[in-house]
Every structure is written in structure tokens, then in C-alpha cells.
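Asker: Sending over protein16.cif (mmCIF, C-alpha atoms).
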```
data_final
#
loop_
_atom_site.label_atom_id
_atom_site.label_comp_id
_atom_site.auth_asym_id
_atom_site.auth_seq_id
_atom_site.Cartn_x
_atom_site.Cartn_y
_atom_site.Cartn_z
CA MET J 1 -38.38 9.48 25.89
CA SER J 2 -38.40 9.84 22.11
CA SER J 3 -34.75 10.93 22.22
CA THR J 4 -33.85 7.72 24.08
CA VAL J 5 -35.72 5.62 21.52
CA GLN J 6 -33.96 7.40 18.67
CA THR J 7 -30.58 6.81 20.28
CA GLN J 8 -31.34 3.13 20.79
CA THR J 9 -32.55 2.81 17.20
CA ALA J 10 -29.40 4.50 15.89
CA THR J 11 -27.25 2.16 18.00
CA VAL J 12 -29.06 -0.91 16.69
CA ASP J 13 -28.70 0.35 13.11
CA ALA J 14 -24.99 0.97 13.63
CA GLN J 15 -24.54 -2.53 15.04
CA ARG J 16 -26.36 -4.05 12.08
CA GLN J 17 -24.25 -2.05 9.66
CA ALA J 18 -21.08 -3.18 11.44
CA ARG J 19 -22.20 -6.82 11.23
CA ARG J 20 -22.93 -6.43 7.52
CA MET J 21 -19.48 -4.92 6.94
CA ARG J 22 -17.77 -7.73 8.88
CA LEU J 23 -19.74 -10.31 6.89
CA SER J 24 -18.84 -8.59 3.61
CA ARG J 25 -15.15 -8.51 4.56
CA GLY J 26 -15.26 -12.17 5.58
CA VAL J 27 -16.83 -13.18 2.26
CA ASN J 28 -14.25 -11.10 0.38
CA GLU J 29 -11.34 -12.64 2.27
CA LEU J 30 -12.64 -16.18 1.69
CA GLY J 31 -13.12 -15.39 -2.00
CA LEU J 32 -9.56 -14.08 -2.27
CA LEU J 33 -8.18 -17.10 -0.44
CA ALA J 34 -10.05 -19.38 -2.84
CA ALA J 35 -8.71 -17.40 -5.83
CA ILE J 36 -5.15 -17.75 -4.51
CA ILE J 37 -5.59 -21.51 -4.10
CA VAL J 38 -6.93 -21.76 -7.66
CA LEU J 39 -3.93 -19.75 -8.94
CA TYR J 40 -1.55 -22.10 -7.17
CA ILE J 41 -3.25 -25.12 -8.71
CA VAL J 42 -3.32 -23.65 -12.22
CA LEU J 43 0.18 -22.20 -12.19
CA GLY J 44 1.58 -25.26 -10.45
CA THR J 45 0.41 -27.41 -13.35
CA LYS J 46 0.89 -24.99 -16.25
CA ALA J 47 3.93 -22.88 -15.36
CA GLY J 48 7.21 -24.77 -15.18
CA GLY J 49 9.22 -24.04 -12.04
CA PHE J 50 6.38 -22.25 -10.26
CA LEU J 51 6.37 -24.52 -7.21
CA THR J 52 10.14 -24.61 -6.77
CA SER J 53 11.49 -23.25 -3.51
CA GLY J 54 13.54 -20.64 -5.36
CA ASN J 55 10.48 -19.27 -7.13
CA GLN J 56 8.40 -19.24 -3.94
CA LEU J 57 11.11 -17.24 -2.17
CA GLY J 58 11.19 -14.92 -5.18
CA ILE J 59 7.44 -14.43 -4.83
CA LEU J 60 7.94 -13.43 -1.20
CA ARG J 61 10.63 -10.94 -2.20
CA ASP J 62 8.41 -9.46 -4.93
CA ALA J 63 5.43 -9.34 -2.56
CA ALA J 64 7.46 -7.24 -0.12
CA GLN J 65 7.96 -4.51 -2.72
CA ILE J 66 4.18 -4.19 -3.03
CA GLY J 67 3.16 -5.12 0.50
CA ILE J 68 5.23 -2.71 2.59
CA ALA J 69 3.71 0.26 0.78
CA ALA J 70 0.26 -1.38 0.70
CA TRP J 71 -0.09 -1.39 4.49
CA GLY J 72 0.11 2.40 4.60
CA MET J 73 -1.97 2.79 1.45
CA THR J 74 -4.77 0.78 3.05
CA LEU J 75 -5.07 3.28 5.89
CA VAL J 76 -4.87 6.22 3.47
CA ILE J 77 -7.74 4.84 1.38
CA ILE J 78 -9.76 3.89 4.48
CA ALA J 79 -9.44 7.57 5.46
CA GLY J 80 -11.00 8.51 2.11
CA ASP J 81 -7.81 9.61 0.31
CA ILE J 82 -5.32 8.10 -2.14
CA ASP J 83 -1.59 8.38 -2.82
CA ILE J 84 -0.34 7.82 -6.37
CA SER J 85 3.27 8.89 -5.72
CA ILE J 86 4.51 5.53 -4.41
CA GLY J 87 6.55 4.44 -7.46
CA PRO J 88 8.58 7.66 -7.82
CA ALA J 89 8.96 7.87 -4.02
CA VAL J 90 10.52 4.38 -4.00
CA ALA J 91 12.85 5.27 -6.89
CA PHE J 92 13.81 8.55 -5.21
CA GLY J 93 14.53 6.70 -1.96
CA SER J 94 16.80 4.25 -3.74
CA VAL J 95 18.77 7.09 -5.34
CA MET J 96 18.97 9.07 -2.09
CA VAL J 97 20.42 6.20 -0.07
CA ALA J 98 22.91 5.35 -2.82
CA LYS J 99 24.06 8.95 -3.29
CA GLY J 100 24.19 9.58 0.43
CA ALA J 101 26.31 6.50 1.06
CA THR J 102 28.75 7.28 -1.77
CA ALA J 103 28.99 10.66 -3.52
CA TRP J 104 27.77 12.69 -0.55
CA GLY J 105 30.07 10.91 1.92
CA LEU J 106 27.45 10.44 4.65
CA GLY J 107 28.19 6.80 5.31
CA VAL J 108 25.61 4.01 5.22
CA PRO J 109 23.80 4.57 8.57
CA LEU J 110 23.32 8.32 8.08
CA ALA J 111 22.34 7.86 4.42
CA VAL J 112 19.62 5.39 5.41
CA VAL J 113 18.31 7.63 8.20
CA LEU J 114 18.33 10.69 5.93
CA THR J 115 16.42 8.79 3.24
CA LEU J 116 13.73 7.72 5.71
CA VAL J 117 13.41 11.22 7.18
CA ILE J 118 13.15 12.89 3.77
CA GLY J 119 10.65 10.28 2.61
CA SER J 120 8.47 10.98 5.64
CA ALA J 121 8.79 14.75 5.16
CA ILE J 122 7.73 14.57 1.50
CA GLY J 123 4.73 12.45 2.42
CA ALA J 124 3.84 14.88 5.22
CA PHE J 125 4.01 17.76 2.74
CA ALA J 126 1.44 16.07 0.49
CA GLY J 127 -0.69 15.42 3.57
CA PHE J 128 -0.37 19.06 4.61
CA LEU J 129 -1.66 20.21 1.21
CA ARG J 130 -4.59 17.84 1.58
CA ALA J 131 -5.37 18.69 5.19
CA GLN J 132 -4.69 22.42 5.36
CA TYR J 133 -5.79 23.59 1.91
CA ASN J 134 -8.19 20.77 1.00
CA VAL J 135 -6.22 20.00 -2.16
CA PRO J 136 -7.59 16.71 -3.54
CA ALA J 137 -5.24 13.90 -2.57
CA PHE J 138 -4.98 12.74 -6.18
CA ILE J 139 -3.75 16.17 -7.31
CA ALA J 140 -1.38 16.67 -4.37
CA THR J 141 0.28 13.31 -4.86
CA LEU J 142 0.28 13.69 -8.65
CA GLY J 143 2.47 16.75 -8.17
CA VAL J 144 4.72 14.80 -5.81
CA TYR J 145 4.79 11.95 -8.36
CA SER J 146 6.13 14.20 -11.09
CA ALA J 147 8.59 16.06 -8.85
CA LEU J 148 10.11 12.94 -7.29
CA ARG J 149 10.54 11.11 -10.59
CA GLY J 150 12.26 14.17 -12.05
CA LEU J 151 14.46 14.68 -8.97
CA ALA J 152 15.49 11.03 -8.91
CA GLN J 153 16.52 11.18 -12.57
CA PHE J 154 18.26 14.54 -12.13
CA ILE J 155 20.26 13.52 -9.06
CA SER J 156 21.35 10.27 -10.67
CA ASN J 157 21.84 11.71 -14.18
CA ALA J 158 19.37 8.99 -15.25
CA LEU J 159 22.05 6.37 -14.49
CA PRO J 160 22.22 3.69 -11.78
CA VAL J 161 24.12 4.82 -8.68
CA PRO J 162 26.14 1.86 -7.32
CA LEU J 163 25.97 1.14 -3.60
CA PRO J 164 29.20 0.82 -1.59
CA ASP J 165 30.29 -2.53 -0.20
CA SER J 166 28.39 -2.85 3.07
CA GLY J 167 27.38 -5.69 5.35
CA PHE J 168 24.12 -3.83 6.03
CA PHE J 169 23.10 -3.75 2.37
CA ASP J 170 24.20 -7.38 2.01
CA PHE J 171 21.88 -8.24 4.91
CA LEU J 172 18.97 -6.35 3.34
CA ALA J 173 19.55 -8.16 0.04
CA GLY J 174 19.95 -11.52 1.79
CA SER J 175 17.73 -13.62 4.00
CA VAL J 176 16.85 -14.40 7.61
CA ALA J 177 16.50 -18.12 8.36
CA GLY J 178 16.04 -18.72 4.64
CA VAL J 179 13.34 -16.04 4.25
CA PRO J 180 14.26 -12.96 2.15
CA THR J 181 14.95 -10.00 4.43
CA PRO J 182 12.42 -7.73 2.61
CA ALA J 183 9.73 -10.36 3.27
CA VAL J 184 10.66 -10.41 6.96
CA VAL J 185 10.37 -6.61 7.07
CA MET J 186 7.01 -6.81 5.29
CA ILE J 187 5.64 -9.36 7.77
CA LEU J 188 6.84 -7.39 10.80
CA LEU J 189 5.24 -4.23 9.45
CA LEU J 190 2.06 -6.18 8.70
CA VAL J 191 1.78 -7.12 12.37
CA VAL J 192 2.41 -3.50 13.40
CA PHE J 193 -0.26 -2.14 11.08
CA LEU J 194 -2.77 -4.83 12.07
CA VAL J 195 -2.37 -3.75 15.70
CA ILE J 196 -2.65 -0.07 14.76
CA ALA J 197 -5.79 -0.61 12.67
CA LEU J 198 -7.61 -2.94 15.06
CA LYS J 199 -6.41 -2.13 18.56
CA THR J 200 -5.60 1.57 18.82
CA PRO J 201 -7.63 4.79 19.07
CA TYR J 202 -5.64 6.06 16.09
CA GLY J 203 -6.89 3.19 13.94
CA ARG J 204 -10.48 3.80 15.01
CA ALA J 205 -10.05 7.48 14.21
CA VAL J 206 -8.87 6.61 10.68
CA TYR J 207 -12.02 4.56 10.08
CA ALA J 208 -14.18 7.35 11.51
CA LEU J 209 -12.46 9.91 9.29
CA GLY J 210 -13.16 7.84 6.18
CA GLY J 211 -16.76 7.17 7.19
CA ASN J 212 -17.73 10.79 7.88
CA PRO J 213 -15.01 13.47 8.13
CA ARG J 214 -17.37 16.12 9.47
CA ALA J 215 -18.74 13.87 12.19
CA ALA J 216 -15.19 12.80 13.08
CA GLU J 217 -14.17 16.42 13.50
CA LEU J 218 -17.21 17.17 15.66
CA ALA J 219 -16.34 14.15 17.79
CA GLY J 220 -13.00 15.77 18.63
CA ILE J 221 -10.79 13.80 16.25
CA ALA J 222 -7.78 15.81 15.02
CA VAL J 223 -8.65 15.32 11.36
CA LYS J 224 -5.85 17.47 9.92
CA ARG J 225 -3.18 15.88 12.06
CA ILE J 226 -4.32 12.37 11.16
CA ARG J 227 -4.36 13.15 7.43
CA ILE J 228 -0.82 14.54 7.57
CA SER J 229 0.42 11.58 9.61
CA LEU J 230 -1.11 9.06 7.19
CA PHE J 231 0.72 10.55 4.21
CA ALA J 232 3.93 10.89 6.27
CA VAL J 233 3.76 7.17 7.11
CA ASN J 234 3.15 6.39 3.45
CA GLY J 235 6.27 8.38 2.55
CA LEU J 236 8.25 6.52 5.20
CA LEU J 237 7.12 3.12 3.88
CA ALA J 238 8.01 4.15 0.32
CA ALA J 239 11.48 5.18 1.53
CA ILE J 240 11.93 1.83 3.31
CA THR J 241 10.94 0.06 0.10
CA GLY J 242 13.42 2.24 -1.80
CA VAL J 243 16.28 1.27 0.52
CA LEU J 244 15.38 -2.42 0.20
CA LEU J 245 15.13 -2.11 -3.58
CA ALA J 246 18.53 -0.42 -3.79
CA ALA J 247 20.05 -3.23 -1.72
CA ARG J 248 18.43 -5.81 -3.99
CA LEU J 249 19.62 -4.15 -7.21
CA GLY J 250 23.00 -3.10 -5.82
CA SER J 251 22.30 0.48 -6.89
CA GLY J 252 19.86 3.35 -6.73
CA ASN J 253 17.87 3.88 -9.90
CA GLY J 254 15.69 6.87 -10.76
CA GLY J 255 13.75 4.82 -13.29
CA ALA J 256 12.93 1.98 -10.89
CA ALA J 257 9.51 1.00 -9.54
CA MET J 258 7.65 2.16 -12.64
CA GLY J 259 3.94 1.50 -12.14
CA LEU J 260 4.42 0.23 -8.59
CA GLU J 261 1.70 2.57 -7.32
CA PHE J 262 -0.85 0.79 -9.52
CA ASP J 263 0.06 -2.64 -8.12
CA VAL J 264 -0.16 -1.25 -4.58
CA ILE J 265 -3.55 0.37 -5.15
CA ALA J 266 -4.80 -2.73 -6.97
CA ALA J 267 -3.79 -4.94 -4.02
CA VAL J 268 -5.63 -2.67 -1.59
CA VAL J 269 -8.77 -2.48 -3.74
CA ILE J 270 -8.75 -6.21 -4.49
CA GLY J 271 -8.55 -6.67 -0.72
CA GLY J 272 -11.93 -4.96 -0.49
CA THR J 273 -10.97 -1.57 0.92
CA ALA J 274 -13.71 0.87 -0.08
CA LEU J 275 -12.46 3.65 -2.35
CA ALA J 276 -15.05 5.91 -0.75
CA GLY J 277 -13.37 5.36 2.62
CA GLY J 278 -14.53 4.10 5.99
CA SER J 279 -14.11 0.38 5.32
CA GLY J 280 -11.16 -1.92 4.74
CA SER J 281 -8.88 -4.54 6.22
CA ILE J 282 -5.10 -4.81 6.41
CA LEU J 283 -5.38 -8.61 6.43
CA ALA J 284 -7.47 -8.59 3.26
CA THR J 285 -4.90 -6.27 1.67
CA ALA J 286 -2.25 -8.91 2.47
CA LEU J 287 -4.30 -11.42 0.47
CA GLY J 288 -4.57 -8.85 -2.32
CA VAL J 289 -0.77 -8.45 -2.30
CA ILE J 290 -0.31 -12.21 -2.65
CA PHE J 291 -2.88 -12.33 -5.46
CA ILE J 292 -1.26 -9.51 -7.45
CA THR J 293 2.23 -10.96 -6.95
CA LEU J 294 1.13 -14.42 -8.07
CA ILE J 295 -0.45 -12.96 -11.21
CA GLY J 296 2.78 -11.14 -12.10
CA ASN J 297 4.96 -14.15 -11.37
CA GLY J 298 2.70 -16.52 -13.30
CA LEU J 299 2.57 -14.30 -16.37
CA VAL J 300 6.37 -14.19 -16.49
CA LEU J 301 6.72 -17.96 -16.11
CA LEU J 302 4.09 -18.55 -18.78
CA GLY J 303 6.12 -16.40 -21.17
CA VAL J 304 3.39 -13.82 -21.71
CA ASN J 305 4.55 -10.76 -23.64
CA GLN J 306 5.50 -7.85 -21.34
CA PHE J 307 3.01 -5.51 -22.99
CA LEU J 308 0.22 -8.06 -22.59
CA GLN J 309 1.20 -8.40 -18.93
CA ASP J 310 0.41 -4.71 -18.54
CA VAL J 311 -2.95 -5.31 -20.25
CA VAL J 312 -3.79 -8.13 -17.84
CA ARG J 313 -2.85 -5.99 -14.83
CA GLY J 314 -4.98 -3.13 -16.17
CA VAL J 315 -7.99 -5.41 -16.65
CA ILE J 316 -7.57 -6.76 -13.11
CA ILE J 317 -7.45 -3.24 -11.66
CA VAL J 318 -10.57 -2.15 -13.59
CA LEU J 319 -12.49 -5.27 -12.53
CA ALA J 320 -11.40 -4.81 -8.91
CA VAL J 321 -12.57 -1.19 -8.89
CA LEU J 322 -15.87 -2.20 -10.53
CA VAL J 323 -16.52 -4.88 -7.91
CA ASN J 324 -15.52 -2.44 -5.17
CA VAL J 325 -17.98 0.19 -6.43
CA LEU J 326 -20.83 -2.31 -6.86
CA LEU J 327 -20.31 -3.73 -3.37
CA GLY J 328 -20.21 -0.23 -1.91
CA ARG J 329 -23.43 0.66 -3.70
CA ARG J 330 -25.12 -2.50 -2.42
CA ASN J 331 -24.01 -1.79 1.15
CA ARG J 332 -25.43 1.74 0.94
CA LEU J 333 -28.74 0.44 -0.38
CA THR J 334 -29.06 -2.13 2.40
CA SER J 335 -28.00 0.22 5.19
#
```
How would this structure read if it were set down as C-alpha cells?
Answerer:
Amino acid sequence: MSSTVQTQTATVDAQRQARRMRLSRGVNELGLLAAIIVLYIVLGTKAGGFLTSGNQLGILRDAAQIGIAAWGMTLVIIAGDIDISIGPAVAFGSVMVAKGATAWGLGVPLAVVLTLVIGSAIGAFAGFLRAQYNVPAFIATLGVYSALRGLAQFISNALPVPLPDSGFFDFLAGSVAGVPTPAVVMILLLVVFLVIALKTPYGRAVYALGGNPRAAELAGIAVKRIRISLFAVNGLLAAITGVLLAARLGSGNGGAAMGLEFDVIAAVVIGGTALAGGSGSILATALGVIFITLIGNGLVLLGVNQFLQDVVRGVIIVLAVLVNVLLGRRNRLTS
């Protein structure tokens, strides 16, 4: 009898905790939406050209560079890990597709496929180190960060690698019904990741892994396999971003996407994903992506010094992490 009562009590507590988390996410999303509206009002009145259609399409294109990687990063952080190799992985992908399509004579289709496969494999390797040998994710991806940046610069001789003339790259650099192609890719992937996170056993397993890895393992969840797959997907998304960036620039560049990983992580954290794992929302990350992109675009239009732009971004990241930690602490105290 007492066992039944304990089970019922645990179930009620879990339901209450779930309701609190949903309420917290809802408040966070409304707060972000309000902040975005305020930014539009302020920048629309203070920054010349902000509300023009050309600038709004540019914002969508810039958002795609952050957003595509952010969908995968959200799941990685929900699982209790982190990946700081995004920027170099994007640069490496841009160089790989450019070299493959030109100097290596693979042709455009094979060069793109090879870039995506290698990107996934590199991500899976970082995930394998994390899952099999319990190497901290920060350290594993820090090593990948350094290696990929060096490889990208070595392969390209630290020079841009021009892309060949190709209708495919023209399409990637162009638009679909007036919307930049990278933004279309970002939105399609957003839908895919929303379905994965909310409607599939895999998504539920990711949340369980971040909440309590030991309990997830005892419940029969293939913890190692999920960790490896999460990093592999992150590598794939970075490679996709690299191909899109190469098409946009007209070349692969080993020095591209500097600091991109910080914008991606900032967008995820601003979206309310708990750094400790177990809680987060792809939709809220999308709002975080818009917020970060608007900040960057507004600072440029306002003529803020490039170095001060980095200061502003750094302050935003620190504040976002602080709020994230304080909210996590409050949730633990009330649970």
C-alpha cells in the first residue's frame, strides 16, 4: 500500500514539475517576443534602413547562419552537453565543398555529399569521445575546434577557394519566392527538429538523458548511441551551414565563421535552454536566434565600432547565462 502511495506521490510531483517547466518556458518565450518587438520599435526609429525589405531579407539570411546550427545545439545542450566547434566546422565545410568541386575534381554533387558526410563523421567522433571515454564535451569539441580551424587554413593555404560556376550554388545563394534560400532551409529544418523534439521517442530520450543520465540508462535508453548521434547531427548541420556560406561568399574560406559558436550558444541559452540539461525548447531557440540576429544587424546600422559590437555580444551572453543559472536554481528550490 505504501509503495502505491509513494508512486502516486512521485507521479503528482513529476506532473507539477512539468507544469512549472511549461509555465517557465511560456514566460520566457513571451519575454523574448516582447524584447524582439521592442527591438523592432527602437531600431525602426533609430537605425536608418532597418525596416527596408532588403534589410529584412538580409536579417533572414544572417539568421540562417546561426539558426541551422542552433537547432542541433539545442538538443545537445538539453542532453547536458555542449559543442564549441561550430565556427571552425562551418569554415572547414566551406573549404571542403570548394576544394572538392574544383581542385579535387569531384564535381559539385559529390563535393557537397562528401562535405556533409565528413561533417557528420567529425561530429560523431567528438560524440564518441564523450560517450565512450566520458571526455567532457567542452574538451572534446575544443580539440575538434582547433583541428578543424587548422585544417581549413592548411587546405586552403589561408586563402579563399573560389567556387566553380554552378546553377546549384547560384540557387543556394539566391532565393525561393523572394525568401533567401538559406532562410528556407533554416525554416524547413526548424519544423523537422520541432517534430523530433516534441513528437518522437528520440526527442523524449534526449530530455531524459539531460535530466538524469543514470536513470535514462536504467530505463533502457541507449545513452551512448544518442550522445554520438547528437554530435553527428551537429556536425551535419555545421557542414550544411558551411556549404550555404560558401555559396553566399562565392568561395570557401578557412577564416570564416569566426565566433559563430558563441552566437549559436547565446541564441540557445537566451531561448531558455538549461545549461545543466533536461529542459529547453526549439521554438524558444528560434526566438533567441531572431534576437541575436537583430542585435547584430542593429549595431551595424547604428555604426557601432566593431570591437564594441563584440563587447555588447559578450555582455548579452554573460547576462543570458546568469539568468539561465538563476532560473535553474529557482526551479530546483521549488521542485
Asker: Measure the distance from atom CA of J:Met96 to atom CA of J:Asn234 in Å and round it to one decimal.
Answerer: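 Separation between atom CA of J:Met96 and atom CA of J:Asn234: 17.0 Å.
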Asker: Rounded to one decimal in Å, what is the spacing between atom CA of J:Val76 and atom CA of J:Leu230?
Answerer: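 A separation of 6.0 Å between them.
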Asker: Show me the residues close to (16.8, 15.5, -10.3) - anything with an atom within 12 Å, counting all atoms listed in the file - and format the list as a ChimeraX atom specification.
Answerer: /J:88,91-92,95-96,146-159,253-255
Asker: My list of candidates is J:Pro164, J:Gly303, J:Ile122, J:Leu75. Which is closest to J:Leu106 when distances are computed with only C-alpha atoms?
Answerer: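 For J:Leu106, the nearest of the candidates is J:Pro164.
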Asker: Between atom CA of J:Phe171 and atom CA of J:Gly105, measure the distance and give it in Å to one decimal.
Answerer: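 Spanning atom CA of J:Phe171 to atom CA of J:Gly105 is a straight-line distance of 21.0 Å.
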Asker: Quick one: which residues end up in the PyMOL selection byres ((chain J and resi 245-247) around 8) for this structure, as an mmCIF file with C-alpha atoms, in the frame of the given file?
Answerer:
```
data_model
loop_
_atom_site.group_PDB
_atom_site.id
_atom_site.type_symbol
_atom_site.label_atom_id
_atom_site.label_comp_id
_atom_site.auth_asym_id
_atom_site.auth_seq_id
_atom_site.Cartn_x
_atom_site.Cartn_y
_atom_site.Cartn_z
ATOM 1 C CA GLN J 65 7.960 -4.510 -2.720
ATOM 2 C CA VAL J 90 10.520 4.380 -4.000
ATOM 3 C CA SER J 94 16.800 4.250 -3.740
ATOM 4 C CA VAL J 95 18.770 7.090 -5.340
ATOM 5 C CA VAL J 97 20.420 6.200 -0.070
ATOM 6 C CA ALA J 98 22.910 5.350 -2.820
ATOM 7 C CA LEU J 163 25.970 1.140 -3.600
ATOM 8 C CA PHE J 169 23.100 -3.750 2.370
ATOM 9 C CA ASP J 170 24.200 -7.380 2.010
ATOM 10 C CA LEU J 172 18.970 -6.350 3.340
ATOM 11 C CA ALA J 173 19.550 -8.160 0.040
ATOM 12 C CA THR J 241 10.940 0.060 0.100
ATOM 13 C CA GLY J 242 13.420 2.240 -1.800
ATOM 14 C CA VAL J 243 16.280 1.270 0.520
ATOM 15 C CA LEU J 244 15.380 -2.420 0.200
ATOM 16 C CA ARG J 248 18.430 -5.810 -3.990
ATOM 17 C CA LEU J 249 19.620 -4.150 -7.210
ATOM 18 C CA GLY J 250 23.000 -3.100 -5.820
ATOM 19 C CA SER J 251 22.300 0.480 -6.890
ATOM 20 C CA GLY J 252 19.860 3.350 -6.730
ATOM 21 C CA ASN J 253 17.870 3.880 -9.900
#
```
Asker: J:Gly271, J:Gly296, J:Gly314, J:Gly278: which is nearest J:Val27, counting all atoms listed in the file?
Answerer: J:Gly271
Asker: Tell me which of J:Glu29, J:Asp165, J:Asp81, J:Asp263 sits closest to J:Ile295, counting only C-alpha atoms.
Answerer: J:Asp263
Asker: I'd like the residues picked by the PyMOL selection byres ((chain J and resi 121) around 12) written out as a PDB file with C-alpha atoms, keeping the file's coordinate frame, using the chain letters and numbers from the file.
Answerer:
```pdb
ATOM      1  CA  ALA J  89       8.960   7.870  -4.020  1.00  0.00           C
ATOM      2  CA  LEU J 114      18.330  10.690   5.930  1.00  0.00           C
ATOM      3  CA  THR J 115      16.420   8.790   3.240  1.00  0.00           C
ATOM      4  CA  LEU J 116      13.730   7.720   5.710  1.00  0.00           C
ATOM      5  CA  VAL J 117      13.410  11.220   7.180  1.00  0.00           C
ATOM      6  CA  ILE J 118      13.150  12.890   3.770  1.00  0.00           C
ATOM      7  CA  GLY J 119      10.650  10.280   2.610  1.00  0.00           C
ATOM      8  CA  SER J 120       8.470  10.980   5.640  1.00  0.00           C
ATOM      9  CA  ILE J 122       7.730  14.570   1.500  1.00  0.00           C
ATOM     10  CA  GLY J 123       4.730  12.450   2.420  1.00  0.00           C
ATOM     11  CA  ALA J 124       3.840  14.880   5.220  1.00  0.00           C
ATOM     12  CA  PHE J 125       4.010  17.760   2.740  1.00  0.00           C
ATOM     13  CA  ALA J 126       1.440  16.070   0.490  1.00  0.00           C
ATOM     14  CA  GLY J 127      -0.690  15.420   3.570  1.00  0.00           C
ATOM     15  CA  PHE J 128      -0.370  19.060   4.610  1.00  0.00           C
ATOM     16  CA  VAL J 144       4.720  14.800  -5.810  1.00  0.00           C
ATOM     17  CA  ILE J 228      -0.820  14.540   7.570  1.00  0.00           C
ATOM     18  CA  SER J 229       0.420  11.580   9.610  1.00  0.00           C
ATOM     19  CA  LEU J 230      -1.110   9.060   7.190  1.00  0.00           C
ATOM     20  CA  PHE J 231       0.720  10.550   4.210  1.00  0.00           C
ATOM     21  CA  ALA J 232       3.930  10.890   6.270  1.00  0.00           C
ATOM     22  CA  VAL J 233       3.760   7.170   7.110  1.00  0.00           C
ATOM     23  CA  ASN J 234       3.150   6.390   3.450  1.00  0.00           C
ATOM     24  CA  GLY J 235       6.270   8.380   2.550  1.00  0.00           C
ATOM     25  CA  LEU J 236       8.250   6.520   5.200  1.00  0.00           C
ATOM     26  CA  LEU J 237       7.120   3.120   3.880  1.00  0.00           C
ATOM     27  CA  ALA J 238       8.010   4.150   0.320  1.00  0.00           C
ATOM     28  CA  ALA J 239      11.480   5.180   1.530  1.00  0.00           C
TER      29      ALA J 239
END
```
Asker: Determine the nearest neighbour of J:Gly44 from the options J:Val321, J:Gln56, J:Ile265, J:Arg61, counting all atoms listed in the file.
Answerer: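 Looking at the shortest contact to J:Gly44, the residue is J:Gln56.
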Asker: Give as a PyMOL selection string the residues that the PyMOL selection byres ((chain J and resi 131) around 8) matches when applied to the coordinates above.
Answerer: chain J and resi 127-130+132-135+223-225+227-228
Asker: With all atoms listed in the file as the basis for distance, which of J:Ile84, J:Ala79, J:Ile36, J:Val289 is at the shortest distance from J:Met186?
Answerer: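 Smallest distance to J:Met186 is found for J:Val289.
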Asker: Identify which of the residues J:Leu275, J:Val184, J:Ala35, J:Val108 lies closest to J:Gly167, counting all atoms listed in the file when measuring atom-to-atom distances.
Answerer: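 Residue with the minimum atom-to-atom distance to J:Gly167: J:Val108.
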Asker: Return the padded bounding box of stretch 71-90 of chain J as lines of an AutoDock Vina configuration file: axis-aligned, built from all atoms listed in the file, 3 Å added on each side, with centre and edge lengths in Å to one decimal.
Answerer:
```
center_x = -0.2
center_y = 4.1
center_z = -1.0
size_x = 27.5
size_y = 17.0
size_z = 19.7
```
Asker: Skip stretch 39-42 of chain J itself and residues of its chain fewer than 5 positions away, then list as a ChimeraX atom specification all residues within 12 Å of it, counting all atoms listed in the file.
Answerer: /J:32-34,47-52,56,290-299,302
